[in-house]
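Text of entry28.txt, listed as compact mmCIF, C-alpha atoms:
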```
# COMPACT_ATOMS: atom_id res chain seq x y z
CA MET A 857 0.00 0.00 0.00
CA ARG A 858 1.00 3.66 -0.28
CA CYS A 859 1.14 6.14 2.60
CA LEU A 860 -1.67 8.73 2.41
CA ILE A 861 0.76 11.53 3.28
CA CYS A 862 4.04 10.96 1.45
CA HIS A 863 2.60 8.46 -1.08
CA GLU A 864 5.61 6.18 -0.69
CA LYS A 865 5.04 2.43 -0.61
CA THR A 866 4.78 1.01 2.88
CA ARG A 867 4.23 -2.49 4.24
CA ALA A 868 0.95 -2.84 6.14
CA LYS A 869 1.08 -4.50 9.57
CA LEU A 870 -1.37 -7.37 9.78
CA SER A 871 -3.57 -7.90 12.82
CA TRP A 872 -6.54 -10.12 13.66
CA ALA A 873 -8.83 -7.10 13.33
CA ALA A 874 -7.49 -6.36 9.87
CA ILE A 875 -7.82 -9.99 8.76
CA PHE A 876 -11.28 -10.84 10.11
CA LEU A 877 -12.99 -7.45 10.17
CA GLY A 878 -11.46 -5.95 7.07
CA ILE A 879 -10.11 -2.93 9.00
CA GLU A 880 -7.50 -0.95 7.11
CA GLU A 881 -5.14 -0.06 9.95
CA GLU A 882 -1.93 1.22 8.40
CA LEU A 883 -2.95 4.14 6.21
CA VAL A 884 0.12 6.21 7.07
CA CYS A 885 3.77 5.13 7.26
CA GLU A 886 5.65 5.25 10.56
CA ARG A 887 7.96 8.03 9.35
CA CYS A 888 5.05 10.37 8.62
CA GLU A 889 3.02 9.41 11.68
CA GLU A 890 5.84 9.97 14.15
CA GLY A 891 5.63 13.73 13.51
CA LEU A 892 2.16 13.88 15.03
CA GLU A 893 1.99 14.70 18.74
CA MET A 894 -0.85 13.20 20.76
CA LEU A 895 -1.89 15.55 23.54
CA GLY A 896 -1.09 14.24 27.00
CA GLY A 897 0.42 15.10 30.34
CA GLU A 898 -0.91 18.05 32.31
CA GLN A 899 -3.53 19.85 30.24
CA CYS A 900 -5.98 22.68 30.73
CA GLU A 901 -9.17 21.04 31.96
CA LEU A 902 -11.26 23.39 29.79
CA CYS A 903 -9.52 23.42 26.39
CA SER A 904 -6.87 20.62 26.31
CA ARG A 905 -3.89 22.99 25.99
CA VAL A 906 -0.72 21.44 27.38
CA LEU A 907 0.14 23.53 30.44
CA ARG A 908 3.66 24.74 29.87
CA ASP A 909 4.82 27.65 32.04
CA MET A 910 3.92 30.44 29.59
CA TRP A 911 0.27 29.33 29.50
CA ARG A 912 -0.31 28.75 33.19
CA SER A 913 -2.73 30.97 35.10
CA SER A 914 -3.14 31.37 38.83
CA ALA A 915 -5.94 28.77 38.67
CA LYS A 916 -4.70 25.20 38.83
CA SER A 917 -5.23 23.23 35.60
CA VAL A 918 -6.73 26.19 33.71
CA CYS A 919 -4.75 28.09 31.06
CA LEU A 920 -4.54 31.86 30.60
CA ASP A 921 -6.93 31.82 27.63
CA CYS A 922 -9.63 29.95 29.51
CA THR A 923 -9.20 32.19 32.54
CA LYS A 924 -10.03 35.13 30.26
CA TRP A 925 -12.99 33.26 28.74
CA ASN A 926 -14.34 32.61 32.24
CA LYS A 927 -14.39 36.36 32.85
CA HIS A 928 -16.11 37.18 29.55
CA GLU A 929 -19.66 38.28 30.29
CA THR A 930 -21.23 36.66 27.23
CA ALA A 931 -18.97 33.67 26.64
CA LYS A 932 -18.16 32.31 30.10
CA ASP A 933 -21.01 29.76 30.21
CA LEU A 934 -21.29 28.85 26.53
CA LEU A 935 -18.81 25.99 26.25
CA VAL A 936 -18.28 23.45 29.03
CA LYS A 937 -14.97 22.26 27.57
CA ASN A 938 -13.04 21.41 24.42
CA THR A 939 -11.25 18.10 23.89
CA SER A 940 -8.52 17.81 21.25
CA LEU A 941 -6.55 14.76 20.18
CA TYR A 942 -3.35 16.24 18.74
CA ALA A 943 -1.09 19.25 19.12
CA TYR A 944 -1.31 21.71 16.24
CA ASN A 945 2.39 21.34 15.46
CA GLU A 946 4.17 21.67 12.12
CA THR A 947 3.34 18.14 11.04
CA MET A 948 -0.36 18.60 11.77
CA LYS A 949 -0.34 21.95 9.95
CA GLU A 950 1.17 20.27 6.89
CA TRP A 951 -1.31 17.39 7.01
CA LEU A 952 -4.32 19.71 7.31
CA ALA A 953 -2.99 21.97 4.55
CA GLN A 954 -2.60 18.93 2.30
CA TYR A 955 -6.12 17.86 3.23
CA LYS A 956 -8.03 21.16 3.27
CA PHE A 957 -6.23 23.41 0.81
CA GLN A 958 -4.58 21.05 -1.68
CA GLY A 959 -7.69 18.92 -2.09
CA ASP A 960 -6.13 15.68 -0.82
CA ALA A 961 -9.35 14.33 0.66
CA GLU A 962 -7.81 10.86 1.12
CA VAL A 963 -6.15 12.11 4.30
CA SER A 964 -9.63 12.19 5.86
CA ARG A 965 -9.55 8.39 6.09
CA TYR A 966 -6.79 8.50 8.68
CA PHE A 967 -8.42 11.27 10.72
CA SER A 968 -11.78 9.50 10.50
CA ILE A 969 -10.48 6.35 12.19
CA LYS A 970 -8.85 8.29 15.04
CA LEU A 971 -11.82 10.58 15.65
CA LYS A 972 -14.39 7.79 15.44
CA SER A 973 -12.57 5.71 18.05
CA PHE A 974 -12.35 8.60 20.53
CA TYR A 975 -15.93 9.72 19.88
CA ALA A 976 -17.33 6.23 20.49
CA LYS A 977 -15.58 5.99 23.86
CA ASN A 978 -16.31 9.49 25.18
CA PHE A 979 -19.31 11.07 23.42
CA ARG A 980 -21.72 8.21 22.77
CA ASP A 981 -24.58 9.92 24.66
CA TYR A 982 -24.03 13.35 23.03
CA SER A 983 -25.86 14.81 20.03
CA PRO A 984 -23.27 15.74 17.36
CA VAL A 985 -23.25 19.05 15.47
CA LEU A 986 -20.72 19.63 12.69
CA MET A 987 -19.05 23.00 12.25
CA PRO A 988 -20.07 24.31 8.82
CA LEU A 989 -18.34 26.33 6.10
CA SER A 990 -19.93 29.29 4.39
CA ASN A 991 -21.27 28.61 0.89
CA GLU A 992 -18.40 30.63 -0.59
CA ARG A 993 -15.67 28.66 1.19
CA LEU A 994 -17.44 25.36 0.53
CA HIS A 995 -17.55 26.18 -3.18
CA ALA A 996 -13.86 27.16 -3.21
CA ARG A 997 -12.69 24.08 -1.30
CA GLY A 998 -15.13 21.56 -2.73
CA PHE A 999 -15.88 19.81 0.57
CA ASN A 1000 -16.43 20.39 4.29
CA GLN A 1001 -13.41 18.84 5.99
CA VAL A 1002 -15.32 17.82 9.14
CA GLU A 1003 -18.24 16.35 7.22
CA LEU A 1004 -15.90 14.27 5.08
CA ILE A 1005 -14.10 12.90 8.15
CA THR A 1006 -17.33 11.86 9.90
CA LYS A 1007 -19.78 11.03 7.12
CA GLU A 1008 -19.29 7.24 7.33
CA TRP A 1009 -20.19 6.97 11.02
CA LEU A 1010 -21.98 10.10 12.19
CA ALA A 1011 -25.48 11.43 11.50
CA PRO A 1012 -26.00 14.92 12.99
CA ILE A 1013 -29.63 15.82 13.72
CA VAL A 1014 -29.03 19.57 13.97
CA MET A 1015 -27.45 21.31 10.99
CA LEU A 1016 -25.72 24.67 11.26
CA GLY A 1017 -25.23 27.11 8.40
CA ARG A 1018 -22.58 29.81 8.21
CA ARG A 1019 -22.73 33.24 6.63
CA GLU A 1020 -19.64 34.55 4.86
CA SER A 1021 -17.38 36.53 7.19
CA GLU A 1022 -13.69 37.24 7.64
CA GLN A 1023 -11.81 34.10 8.68
CA GLN A 1024 -11.04 33.97 12.40
CA SER A 1025 -7.42 33.07 11.66
CA LYS A 1026 -6.93 36.49 10.03
CA LYS A 1027 -8.15 38.45 13.05
CA LYS A 1028 -6.22 39.64 16.06
CA ARG A 1029 -6.81 37.66 19.25
CA TYR A 1030 -8.74 40.46 20.97
CA ALA A 1031 -10.98 40.95 17.92
CA ARG A 1032 -11.88 37.26 17.91
CA ILE A 1033 -12.72 37.09 21.60
CA SER A 1034 -14.81 40.29 21.58
CA GLN A 1035 -17.10 39.03 18.78
CA VAL A 1036 -18.59 35.91 20.35
CA ASN A 1037 -22.14 37.29 20.29
CA GLN A 1038 -21.73 38.41 16.65
CA SER A 1039 -22.15 34.86 15.45
CA PRO A 1040 -22.06 34.05 11.71
CA PHE A 1041 -23.89 30.77 12.40
CA TYR A 1042 -27.59 29.96 12.09
CA ILE A 1043 -29.79 26.88 12.40
CA GLN A 1044 -30.44 25.23 9.04
CA SER A 1045 -32.50 22.30 10.27
CA GLY A 1046 -33.30 20.32 13.40
CA ILE A 1047 -34.32 23.32 15.51
CA ASP A 1048 -37.14 21.34 17.15
CA SER A 1049 -34.59 18.79 18.32
CA LEU A 1050 -32.57 21.46 20.12
CA LYS A 1051 -35.38 22.02 22.61
CA THR A 1052 -34.99 18.47 23.89
CA LEU A 1053 -31.20 18.10 23.70
CA LYS A 1054 -29.32 17.79 26.98
CA LYS A 1055 -25.79 17.27 25.69
CA VAL A 1056 -24.32 18.57 22.42
CA VAL A 1057 -20.82 18.11 21.01
CA LEU A 1058 -19.50 20.41 18.26
CA LEU A 1059 -17.00 18.76 15.91
CA ASP A 1060 -14.27 20.76 14.16
CA ASP A 1061 -10.72 20.28 12.91
CA VAL A 1062 -8.75 22.85 14.94
CA TYR A 1063 -9.34 24.73 18.19
CA THR A 1064 -7.36 28.00 18.20
CA THR A 1065 -8.71 30.72 20.48
CA GLY A 1066 -12.07 28.97 20.95
CA THR A 1067 -14.05 31.83 19.44
CA THR A 1068 -15.56 29.85 16.57
CA VAL A 1069 -16.98 27.04 18.69
CA ARG A 1070 -18.32 29.57 21.19
CA GLN A 1071 -20.03 31.50 18.41
CA ALA A 1072 -21.71 28.25 17.37
CA ALA A 1073 -22.56 27.44 20.99
CA PHE A 1074 -24.09 30.92 21.36
CA VAL A 1075 -26.64 30.10 18.63
CA LEU A 1076 -27.32 26.58 19.90
CA LYS A 1077 -27.93 27.80 23.46
CA LYS A 1078 -30.22 30.54 22.21
CA HIS A 1079 -32.38 27.82 20.68
CA GLY A 1080 -32.51 25.56 23.70
CA ALA A 1081 -29.33 23.45 23.91
CA GLU A 1082 -28.02 23.02 27.45
CA HIS A 1083 -24.64 21.30 27.91
CA ILE A 1084 -22.25 22.02 24.99
CA GLU A 1085 -18.74 20.66 24.47
CA SER A 1086 -16.46 20.55 21.44
CA LEU A 1087 -14.24 17.82 20.01
CA THR A 1088 -11.45 18.78 17.62
CA LEU A 1089 -8.56 17.01 15.95
CA ALA A 1090 -5.95 19.55 16.99
CA ARG A 1091 -5.26 22.23 19.59
```

For this file, write the structure as structure tokens.
Amino acid sequence: MRCLICHEKTRAKLSWAAIFLGIEEELVCERCEEGLEMLGGEQCELCSRVLRDMWRSSAKSVCLDCTKWNKHETAKDLLVKNTSLYAYNETMKEWLAQYKFQGDAEVSRYFSIKLKSFYAKNFRDYSPVLMPLSNERLHARGFNQVELITKEWLAPIVMLGRRESEQQSKKKRYARISQVNQSPFYIQSGIDSLKTLKKVVLLDDVYTTGTTVRQAAFVLKKHGAEHIESLTLAR
């Protein structure tokens, strides 16, 4: 088989699961995979950031960013927590760029397996909501990266839409945080379901400042959702 990242030939490792269940386990070669960094050790209990000295706040196990969020009048109660699987390091940036911006949708197969496994263990009793793209960005990219990763095993009952707006990554940190209640998101379908939902999990690829998921949570809460968390590939 060929590695989904470098496209070099690699020898698949056989296992009983692969033989009897037809599970394709080795989609990426060891050389490419070793650049990924699974999050672990001491992390912020609210956003999964690894707590190195520069990010520590006076509160134990809560980072500086989340301390600021907890003081934000509008945003402090929107998101219970974010869970991320990987660090957003150089390898992850390259993988996501290859996936999202170079149109290499095959990379989604690897992410799908990892996300599905974690979701099944930790969010089985949650109602999933996928983070959407605006129509303009969807047309330019050709696919929604989160939808492609989850489409084989996830069926969201509430669908969000997104109006075109300046990308959060292009804004200064303060500008992002101050615009939580200026949400570009809206409910496309499933609004009746929101009134009965107890737990909701938002799924996205990357958690940066947390503004985007809180903007989505702002809309969901306004329509009746109660407990909202997010699950992302990278932090």

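Distance-wise, atom CA of Gly891 of chain A and atom CA of Cys862 of chain A end up 12.5 Å apart.
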
query = If you measure from atom CA of Gln1001 of chain A to atom CA of Phe957 of chain A, what distance in Å do you get, rounded to one decimal?
reply = 10.0 Å

inquiry  = Calculated over all atoms listed in the file, which of the candidates A:His1083, A:Thr939, A:Glu1020, A:Val1057 has the smallest distance to Glu992 of chain A?
reply    =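 For Glu992 of chain A, the nearest of the candidates is A:Glu1020.
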
Excluding Cys922 of chain A and its own-chain neighbours fewer than 5 positions away, which residues fall within 9 Å of it when counting all atoms listed in the file? Please give them as a PDB file with C-alpha atoms, in the coordinates of the input.
```
ATOM      1  CA  CYS A 900      -5.980  22.680  30.730  1.00  0.00           C
ATOM      2  CA  LEU A 902     -11.260  23.390  29.790  1.00  0.00           C
ATOM      3  CA  CYS A 903      -9.520  23.420  26.390  1.00  0.00           C
ATOM      4  CA  SER A 913      -2.730  30.970  35.100  1.00  0.00           C
ATOM      5  CA  LYS A 927     -14.390  36.360  32.850  1.00  0.00           C
ATOM      6  CA  LYS A 932     -18.160  32.310  30.100  1.00  0.00           C
ATOM      7  CA  GLY A1066     -12.070  28.970  20.950  1.00  0.00           C
TER       8      GLY A1066
END
```

query = For Ile1047 of chain A, which residue among A:Thr1068, A:Lys1077, A:Phe999, A:Val936 is the nearest when counting only C-alpha atoms?
reply =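 Answer, going by the shortest atom-to-atom distance: A:Lys1077.
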
message = Can you pull out the residues contacting Glu950 of chain A? Cut-off 10 Å, using only C-alpha atoms, and skip same-chain residues under 6 positions away; I want them as number ranges by chain.
response = A: 861, 944, 956

task = For a cut-off of 10 Å around (-17.6, 12.5, 7.5), file coordinates, pick out all residues using only C-alpha atoms and list them as a list in words.
result =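 Residues satisfying the cut-off, written out: Ser964, Arg965, Phe967, Ser968, Lys972, Leu986, Asn1000, Gln1001, Val1002, Glu1003, Leu1004, Ile1005, Thr1006, Lys1007, Glu1008, Trp1009, Leu1010 and Ala1011 of chain A.
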
message = Quick check, in Å to one decimal: how far apart do atom CA of Ala1090 of chain A and atom CA of Tyr1042 of chain A lie?
response =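 Separation of atom CA of Ala1090 of chain A and atom CA of Tyr1042 of chain A: 24.5 Å.
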
query = Excluding same-chain residues fewer than 2 positions from Gly1080 of chain A, what lies within 10 Å of it counting all atoms listed in the file, as number ranges by chain?
reply = A: 1047-1054, 1075-1078, 1082-1083

Centre, x/y/z edge lengths, axis-aligned box for segment 1053-1059 of chain A with 4 Å per side, as JSON:
```
{"center_x": -24.1, "center_y": 18.8, "center_z": 21.4, "size_x": 22.2, "size_y": 11.1, "size_z": 19.1}
```

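Candidate residues A:Lys916, A:Arg1070, A:Arg1018, A:Lys865 were compared for distance to Arg993 of chain A, and the nearest is A:Arg1018, using all atoms listed in the file.
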
Residue with smallest distance to Ile1084 of chain A - pool A:Tyr942, A:Phe979, A:Trp951, A:Tyr966, counting only C-alpha atoms =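 Of A:Tyr942, A:Phe979, A:Trp951, A:Tyr966, the one nearest Ile1084 of chain A, counting only C-alpha atoms, is A:Phe979.
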
message = Calculated over all atoms listed in the file, which of the candidates A:Ser940, A:Val963, A:Glu889, A:Glu901 has the smallest distance to Thr923 of chain A?
response =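 Of A:Ser940, A:Val963, A:Glu889, A:Glu901, the one nearest Thr923 of chain A, counting all atoms listed in the file, is A:Glu901.
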
ask   = Which is closer to Arg997 of chain A than all the others in A:Ala961, A:Val1062, A:Val1069, A:Val918, using only C-alpha atoms?
value = A:Ala961

request  = Find the residues around Gln1071 of chain A up to 8 Å (only C-alpha atoms counted), leave out those fewer than 4 positions away in its own chain, and share them as a VMD selection string.
outcome  = chain A and resid 1036 to 1041 1067 1075

Env of Arg858 of chain A: 12 Å cut, atoms = all atoms listed in the file, seq-sep filter 3 positions within chain, self excluded. Answer as an mmCIF file with C-alpha atoms, in the coordinates of the input.
```
data_model
loop_
_atom_site.group_PDB
_atom_site.id
_atom_site.type_symbol
_atom_site.label_atom_id
_atom_site.label_comp_id
_atom_site.auth_asym_id
_atom_site.auth_seq_id
_atom_site.Cartn_x
_atom_site.Cartn_y
_atom_site.Cartn_z
ATOM 1 C CA ILE A 861 0.760 11.530 3.280
ATOM 2 C CA CYS A 862 4.040 10.960 1.450
ATOM 3 C CA HIS A 863 2.600 8.460 -1.080
ATOM 4 C CA GLU A 864 5.610 6.180 -0.690
ATOM 5 C CA LYS A 865 5.040 2.430 -0.610
ATOM 6 C CA THR A 866 4.780 1.010 2.880
ATOM 7 C CA ARG A 867 4.230 -2.490 4.240
ATOM 8 C CA ALA A 868 0.950 -2.840 6.140
ATOM 9 C CA GLU A 882 -1.930 1.220 8.400
ATOM 10 C CA LEU A 883 -2.950 4.140 6.210
ATOM 11 C CA VAL A 884 0.120 6.210 7.070
ATOM 12 C CA CYS A 885 3.770 5.130 7.260
ATOM 13 C CA GLU A 886 5.650 5.250 10.560
ATOM 14 C CA CYS A 888 5.050 10.370 8.620
ATOM 15 C CA GLU A 962 -7.810 10.860 1.120
ATOM 16 C CA VAL A 963 -6.150 12.110 4.300
#
```
